[in-house]
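Here's upload_23.pdb, which has PDB, C-alpha atoms:
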ATOM      1  CA  MET A  26      96.376 195.124  79.474
ATOM      2  CA  VAL A  27      99.787 194.204  80.777
ATOM      3  CA  PRO A  28      99.898 194.480  84.575
ATOM      4  CA  ARG A  29     102.248 197.129  85.885
ATOM      5  CA  ALA A  30     104.084 195.306  88.635
ATOM      6  CA  SER A  31     105.020 198.421  90.553
ATOM      7  CA  LEU A  32     101.404 199.447  90.868
ATOM      8  CA  VAL A  33      99.948 196.122  91.861
ATOM      9  CA  VAL A  34      98.243 196.182  95.231
ATOM     10  CA  ALA A  35      98.270 192.824  97.065
ATOM     11  CA  ALA A  36      96.792 190.235  94.742
ATOM     12  CA  SER A  37      94.188 188.733  97.021
ATOM     13  CA  ALA A  38      90.518 187.930  96.803
ATOM     14  CA  VAL A  39      88.728 191.232  96.863
ATOM     15  CA  ALA A  40      85.281 192.668  96.430
ATOM     16  CA  ILE A  41      84.147 192.960  92.830
ATOM     17  CA  LEU A  42      82.517 195.660  90.782
ATOM     18  CA  VAL A  43      80.606 195.106  87.569
ATOM     19  CA  SER A  44      81.439 197.113  84.507
ATOM     20  CA  ALA A  45      80.079 200.502  83.552
ATOM     21  CA  CYS A  46      77.921 198.881  80.876
ATOM     22  CA  THR A  47      75.830 197.154  83.533
ATOM     23  CA  PRO A  48      72.349 198.699  83.855
ATOM     24  CA  ALA A  49      72.105 200.889  86.923
ATOM     25  CA  ALA A  50      69.153 198.887  88.262
ATOM     26  CA  ALA A  51      71.048 195.597  88.248
ATOM     27  CA  PRO A  52      72.495 194.383  91.533
ATOM     28  CA  THR A  53      76.245 194.591  91.351
ATOM     29  CA  PRO A  54      79.069 193.097  93.383
ATOM     30  CA  SER A  55      80.464 195.749  95.734
ATOM     31  CA  GLY A  56      77.581 198.022  94.769
ATOM     32  CA  PRO A  57      76.561 199.993  91.711
ATOM     33  CA  SER A  58      77.917 203.426  90.830
ATOM     34  CA  THR A  59      76.871 205.960  93.417
ATOM     35  CA  SER A  60      77.452 209.646  93.392
ATOM     36  CA  GLY A  61      76.049 211.248  96.561
ATOM     37  CA  SER A  62      77.623 214.580  97.412
ATOM     38  CA  PRO A  63      81.116 214.001  95.961
ATOM     39  CA  SER A  64      81.524 213.940  92.204
ATOM     40  CA  VAL A  65      83.574 211.391  90.315
ATOM     41  CA  VAL A  66      86.158 212.852  87.986
ATOM     42  CA  SER A  67      86.939 211.309  84.630
ATOM     43  CA  ALA A  68      90.598 210.572  84.257
ATOM     44  CA  THR A  69      92.448 208.135  82.063
ATOM     45  CA  PRO A  70      94.996 206.330  84.207
ATOM     46  CA  THR A  71      98.535 206.806  82.953
ATOM     47  CA  PRO A  72     100.651 205.093  85.572
ATOM     48  CA  THR A  73     104.411 204.869  85.320
ATOM     49  CA  PRO A  74     106.822 202.518  87.065
ATOM     50  CA  THR A  75     108.162 205.444  89.071
ATOM     51  CA  GLN A  76     104.827 206.544  90.547
ATOM     52  CA  THR A  77     104.978 206.971  94.299
ATOM     53  CA  TRP A  78     102.185 207.675  96.755
ATOM     54  CA  SER A  79     102.123 210.081  99.659
ATOM     55  CA  ALA A  80     101.133 208.865 103.116
ATOM     56  CA  VAL A  81      97.667 210.356 102.563
ATOM     57  CA  GLU A  82      97.269 208.542  99.246
ATOM     58  CA  ARG A  83      98.393 205.276 100.798
ATOM     59  CA  ASP A  84      95.776 205.687 103.516
ATOM     60  CA  ALA A  85      93.098 206.313 100.877
ATOM     61  CA  ILE A  86      94.125 203.248  98.878
ATOM     62  CA  ALA A  87      94.067 201.197 102.076
ATOM     63  CA  ALA A  88      90.491 202.438 102.571
ATOM     64  CA  VAL A  89      89.554 201.102  99.122
ATOM     65  CA  ASP A  90      91.067 197.750 100.075
ATOM     66  CA  ALA A  91      89.150 197.723 103.355
ATOM     67  CA  TYR A  92      85.894 198.558 101.561
ATOM     68  CA  LYS A  93      86.402 195.806  99.022
ATOM     69  CA  ALA A  94      87.327 193.275 101.684
ATOM     70  CA  ALA A  95      84.172 194.075 103.681
ATOM     71  CA  ALA A  96      82.013 193.836 100.583
ATOM     72  CA  ARG A  97      83.660 190.571  99.640
ATOM     73  CA  ARG A  98      82.761 189.065 103.015
ATOM     74  CA  ILE A  99      79.096 189.687 102.307
ATOM     75  CA  GLU A 100      79.247 188.664  98.639
ATOM     76  CA  ASN A 101      80.751 185.304  99.579
ATOM     77  CA  ASP A 102      77.571 184.432 101.481
ATOM     78  CA  PRO A 103      74.826 187.081 101.699
ATOM     79  CA  SER A 104      72.568 184.569 103.443
ATOM     80  CA  ALA A 105      74.863 184.663 106.490
ATOM     81  CA  PHE A 106      74.116 188.357 107.115
ATOM     82  CA  THR A 107      71.040 190.242 108.217
ATOM     83  CA  GLU A 108      70.373 193.643 106.682
ATOM     84  CA  LYS A 109      71.472 195.268 109.950
ATOM     85  CA  GLN A 110      74.739 193.318 109.944
ATOM     86  CA  MET A 111      75.443 194.282 106.337
ATOM     87  CA  LYS A 112      74.936 197.950 107.151
ATOM     88  CA  ALA A 113      77.098 197.772 110.271
ATOM     89  CA  LEU A 114      79.984 196.164 108.416
ATOM     90  CA  LEU A 115      79.874 198.507 105.435
ATOM     91  CA  THR A 116      79.369 201.699 107.452
ATOM     92  CA  LYS A 117      82.888 201.251 108.822
ATOM     93  CA  VAL A 118      84.365 201.535 105.325
ATOM     94  CA  ALA A 119      81.871 203.498 103.207
ATOM     95  CA  GLY A 120      79.589 206.521 103.212
ATOM     96  CA  PRO A 121      75.782 206.329 103.490
ATOM     97  CA  GLU A 122      74.955 206.336  99.766
ATOM     98  CA  VAL A 123      77.459 203.579  99.009
ATOM     99  CA  VAL A 124      76.181 201.518 101.934
ATOM    100  CA  LYS A 125      72.585 201.913 100.777
ATOM    101  CA  ALA A 126      73.366 200.837  97.217
ATOM    102  CA  ASN A 127      75.474 197.882  98.323
ATOM    103  CA  VAL A 128      72.993 196.570 100.846
ATOM    104  CA  GLY A 129      70.191 196.721  98.287
ATOM    105  CA  SER A 130      72.264 194.598  95.911
ATOM    106  CA  TYR A 131      73.217 192.089  98.573
ATOM    107  CA  LEU A 132      69.665 191.694  99.820
ATOM    108  CA  ASP A 133      68.616 190.895  96.250
ATOM    109  CA  LEU A 134      71.332 188.245  96.003
ATOM    110  CA  LYS A 135      70.270 186.842  99.358
ATOM    111  CA  LYS A 136      66.625 186.705  98.314
ATOM    112  CA  ARG A 137      67.508 184.721  95.200
ATOM    113  CA  GLY A 138      69.947 182.429  96.983
ATOM    114  CA  PHE A 139      72.950 183.635  94.993
ATOM    115  CA  ARG A 140      76.492 184.434  96.039
ATOM    116  CA  TYR A 141      79.860 185.138  94.433
ATOM    117  CA  THR A 142      82.793 182.794  94.441
ATOM    118  CA  GLY A 143      86.322 182.934  93.092
ATOM    119  CA  ALA A 144      88.900 185.674  93.103
ATOM    120  CA  ALA A 145      89.394 189.093  91.564
ATOM    121  CA  ILE A 146      92.954 190.357  91.240
ATOM    122  CA  PRO A 147      93.841 194.079  91.258
ATOM    123  CA  LEU A 148      96.054 194.643  88.229
ATOM    124  CA  MET A 149      96.540 198.377  88.522
ATOM    125  CA  THR A 150      95.918 201.077  91.107
ATOM    126  CA  VAL A 151      96.314 204.788  90.348
ATOM    127  CA  SER A 152      95.925 207.681  92.753
ATOM    128  CA  HIS A 153      95.022 211.054  91.254
ATOM    129  CA  GLY A 154      96.361 212.987  94.238
ATOM    130  CA  ALA A 155      94.899 214.356  97.446
ATOM    131  CA  THR A 156      92.798 217.523  97.456
ATOM    132  CA  ASP A 157      91.092 219.610 100.106
ATOM    133  CA  VAL A 158      87.404 219.897  99.211
ATOM    134  CA  GLY A 159      86.525 221.938 102.295
ATOM    135  CA  TYR A 160      84.580 219.361 104.229
ATOM    136  CA  ALA A 161      87.076 216.561 103.591
ATOM    137  CA  THR A 162      90.447 215.484 102.290
ATOM    138  CA  GLN A 163      89.646 213.657  99.065
ATOM    139  CA  VAL A 164      91.570 211.197  96.930
ATOM    140  CA  ILE A 165      90.307 209.751  93.645
ATOM    141  CA  VAL A 166      91.574 206.204  93.185
ATOM    142  CA  THR A 167      91.305 204.289  89.908
ATOM    143  CA  ARG A 168      91.647 200.532  89.921
ATOM    144  CA  CYS A 169      91.574 197.810  87.280
ATOM    145  CA  ASN A 170      90.563 194.340  88.443
ATOM    146  CA  ASP A 171      91.007 190.990  86.707
ATOM    147  CA  GLN A 172      87.685 189.236  87.342
ATOM    148  CA  ARG A 173      88.216 186.118  85.230
ATOM    149  CA  GLY A 174      88.188 183.972  88.365
ATOM    150  CA  LEU A 175      84.829 185.316  89.554
ATOM    151  CA  LYS A 176      81.444 183.677  89.099
ATOM    152  CA  ALA A 177      77.966 183.777  90.575
ATOM    153  CA  VAL A 178      76.557 180.551  91.970
ATOM    154  CA  ASP A 179      73.281 179.428  93.475
ATOM    155  CA  LYS A 180      72.746 177.853  96.897
ATOM    156  CA  ASP A 181      73.817 174.476  95.507
ATOM    157  CA  GLY A 182      77.036 175.859  94.088
ATOM    158  CA  ARG A 183      75.914 175.727  90.467
ATOM    159  CA  GLU A 184      77.046 178.602  88.288
ATOM    160  CA  VAL A 185      74.353 181.158  87.471
ATOM    161  CA  ASP A 186      74.304 182.284  83.863
ATOM    162  CA  GLU A 187      74.071 185.898  82.723
ATOM    163  CA  ALA A 188      70.400 185.645  81.765
ATOM    164  CA  THR A 189      69.432 184.346  85.198
ATOM    165  CA  LEU A 190      71.689 186.757  87.068
ATOM    166  CA  GLY A 191      70.371 189.710  85.057
ATOM    167  CA  TYR A 192      73.728 191.291  84.253
ATOM    168  CA  LYS A 193      77.176 190.351  83.009
ATOM    169  CA  LEU A 194      80.254 189.893  85.144
ATOM    170  CA  PRO A 195      83.010 191.256  82.898
ATOM    171  CA  GLN A 196      86.434 189.663  82.766
ATOM    172  CA  PHE A 197      88.079 193.000  83.546
ATOM    173  CA  ASN A 198      86.683 196.002  85.344
ATOM    174  CA  MET A 199      87.876 199.594  85.764
ATOM    175  CA  ARG A 200      86.419 201.700  88.570
ATOM    176  CA  GLN A 201      87.039 205.038  90.243
ATOM    177  CA  TYR A 202      86.552 205.457  93.962
ATOM    178  CA  VAL A 203      85.899 208.768  95.688
ATOM    179  CA  VAL A 204      87.697 208.328  98.994
ATOM    180  CA  GLN A 205      87.314 210.949 101.704
ATOM    181  CA  LYS A 206      88.410 211.663 105.244
ATOM    182  CA  ARG A 207      85.788 214.107 106.393
ATOM    183  CA  LYS A 208      86.189 216.775 109.015
ATOM    184  CA  GLY A 209      86.114 215.282 112.488
ATOM    185  CA  GLU A 210      86.881 211.780 111.219
ATOM    186  CA  THR A 211      90.206 210.008 111.671
ATOM    187  CA  TYR A 212      90.218 207.702 108.661
ATOM    188  CA  PHE A 213      89.179 207.498 105.002
ATOM    189  CA  ARG A 214      86.016 205.850 103.698
ATOM    190  CA  VAL A 215      84.629 205.292 100.196
ATOM    191  CA  TYR A 216      81.950 207.905  99.476
ATOM    192  CA  GLY A 217      81.383 207.346  95.775
ATOM    193  CA  LEU A 218      81.913 204.907  92.921
ATOM    194  CA  GLY A 219      82.000 205.518  89.216
ATOM    195  CA  LYS A 220      83.281 204.085  85.976
ATOM    196  CA  GLY A 221      86.937 204.602  85.197
ATOM    197  CA  SER A 222      88.144 205.430  81.719
ATOM    198  CA  GLY A 223      91.087 203.845  79.992
ATOM    199  CA  SER A 224      92.217 200.352  79.148
ATOM    200  CA  CYS A 225      91.613 197.542  81.614
ATOM    201  CA  GLY A 226      92.535 194.075  80.456
ATOM    202  CA  PRO A 227      94.791 192.534  77.804
TER
END
Just give me the structure as structure tokens.
Amino acid sequence: MVPRASLVVAASAVAILVSACTPAAAPTPSGPSTSGSPSVVSATPTPTPTQTWSAVERDAIAAVDAYKAAARRIENDPSAFTEKQMKALLTKVAGPEVVKANVGSYLDLKKRGFRYTGAAIPLMTVSHGATDVGYATQVIVTRCNDQRGLKAVDKDGREVDEATLGYKLPQFNMRQYVVQKRKGETYFRVYGLGKGSGSCGP
């Protein structure tokens, strides 16, 4: 997929998500798909160079970035965090179901002495608009990440192959985030993850 320059969100090292073809039971960078109370809509991203975001959408996209950055901190070295510390860090940026799924994955990595290294670059970010769902303002955000620079390594820094890891880290990954600012809260958090449809990659 050719990156759309106008939709690129800062190309920095970010938290990674495995592809939709990954078995649900496999531990996944930045957590497996979680549904919880919000539902993930299926929408093929059709961005255009003229797409603009409202202030609310920008806040929701910033929440996705914050979630991924927090997850990335843990993925870089799960052994440096206790379970309580993982939960505390992720609770600031994600809802309970997402936190639970993520922490379970990270504890598995920690137990096996694995971590993630390298970078993932966001190639495309699409907002599907803000809606009022009664208990929250909700924005569905679709993002495509280039994960070719990502790999799993063991405690000695040796790359872990797919068979040992138990799942594949795809070169490109498309995900949808359910981002909500719930009643009584002052900022957005990620409350659900799901597979995104459409093309992601060259």
(request) Could you state which residues are captured by the PyMOL selection byres ((chain A and resi 203) around 8) in this file, as a list of chain:residue names? (result)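 Residues picked by the PyMOL selection byres ((chain A and resi 203) around 8): A:Pro63, A:Ser64, A:Val65, A:Gln163, A:Val164, A:Ile165, A:Val166, A:Gln201, A:Tyr202, A:Val204, A:Gln205, A:Val215, A:Tyr216, A:Gly217, A:Leu218.
Taking atom CA of Ala87 of chain A as the reference point, atom CA of Gln196 of chain A is found at 23.8 Å.
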(message) List as a list of chain:residue names the residues having at least one atom at most 9 Å from position (96.5, 201.7, 94.5) as given in the file, counting all atoms listed in the file.
(response)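 Those within range, by chain then number, are A:Leu32, A:Val33, A:Val34, A:Trp78, A:Glu82, A:Arg83, A:Ala85, A:Ile86, A:Ala87, A:Val89, A:Asp90, A:Pro147, A:Met149, A:Thr150, A:Val151, A:Ser152, A:Val166, A:Thr167, A:Arg168.
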(request) For the structure shown, which residues end up in the PyMOL selection byres ((chain A and resi 117-124) around 8)? Put them as a ChimeraX atom specification, please? (result) /A:56,59-61,88,91-92,95,112-116,125-128,213-218
(request) Would you work out the distance separating atom CA of Pro195 of chain A from atom CA of Gln172 of chain A, expressed in Å to one decimal? (result) 6.8 Å
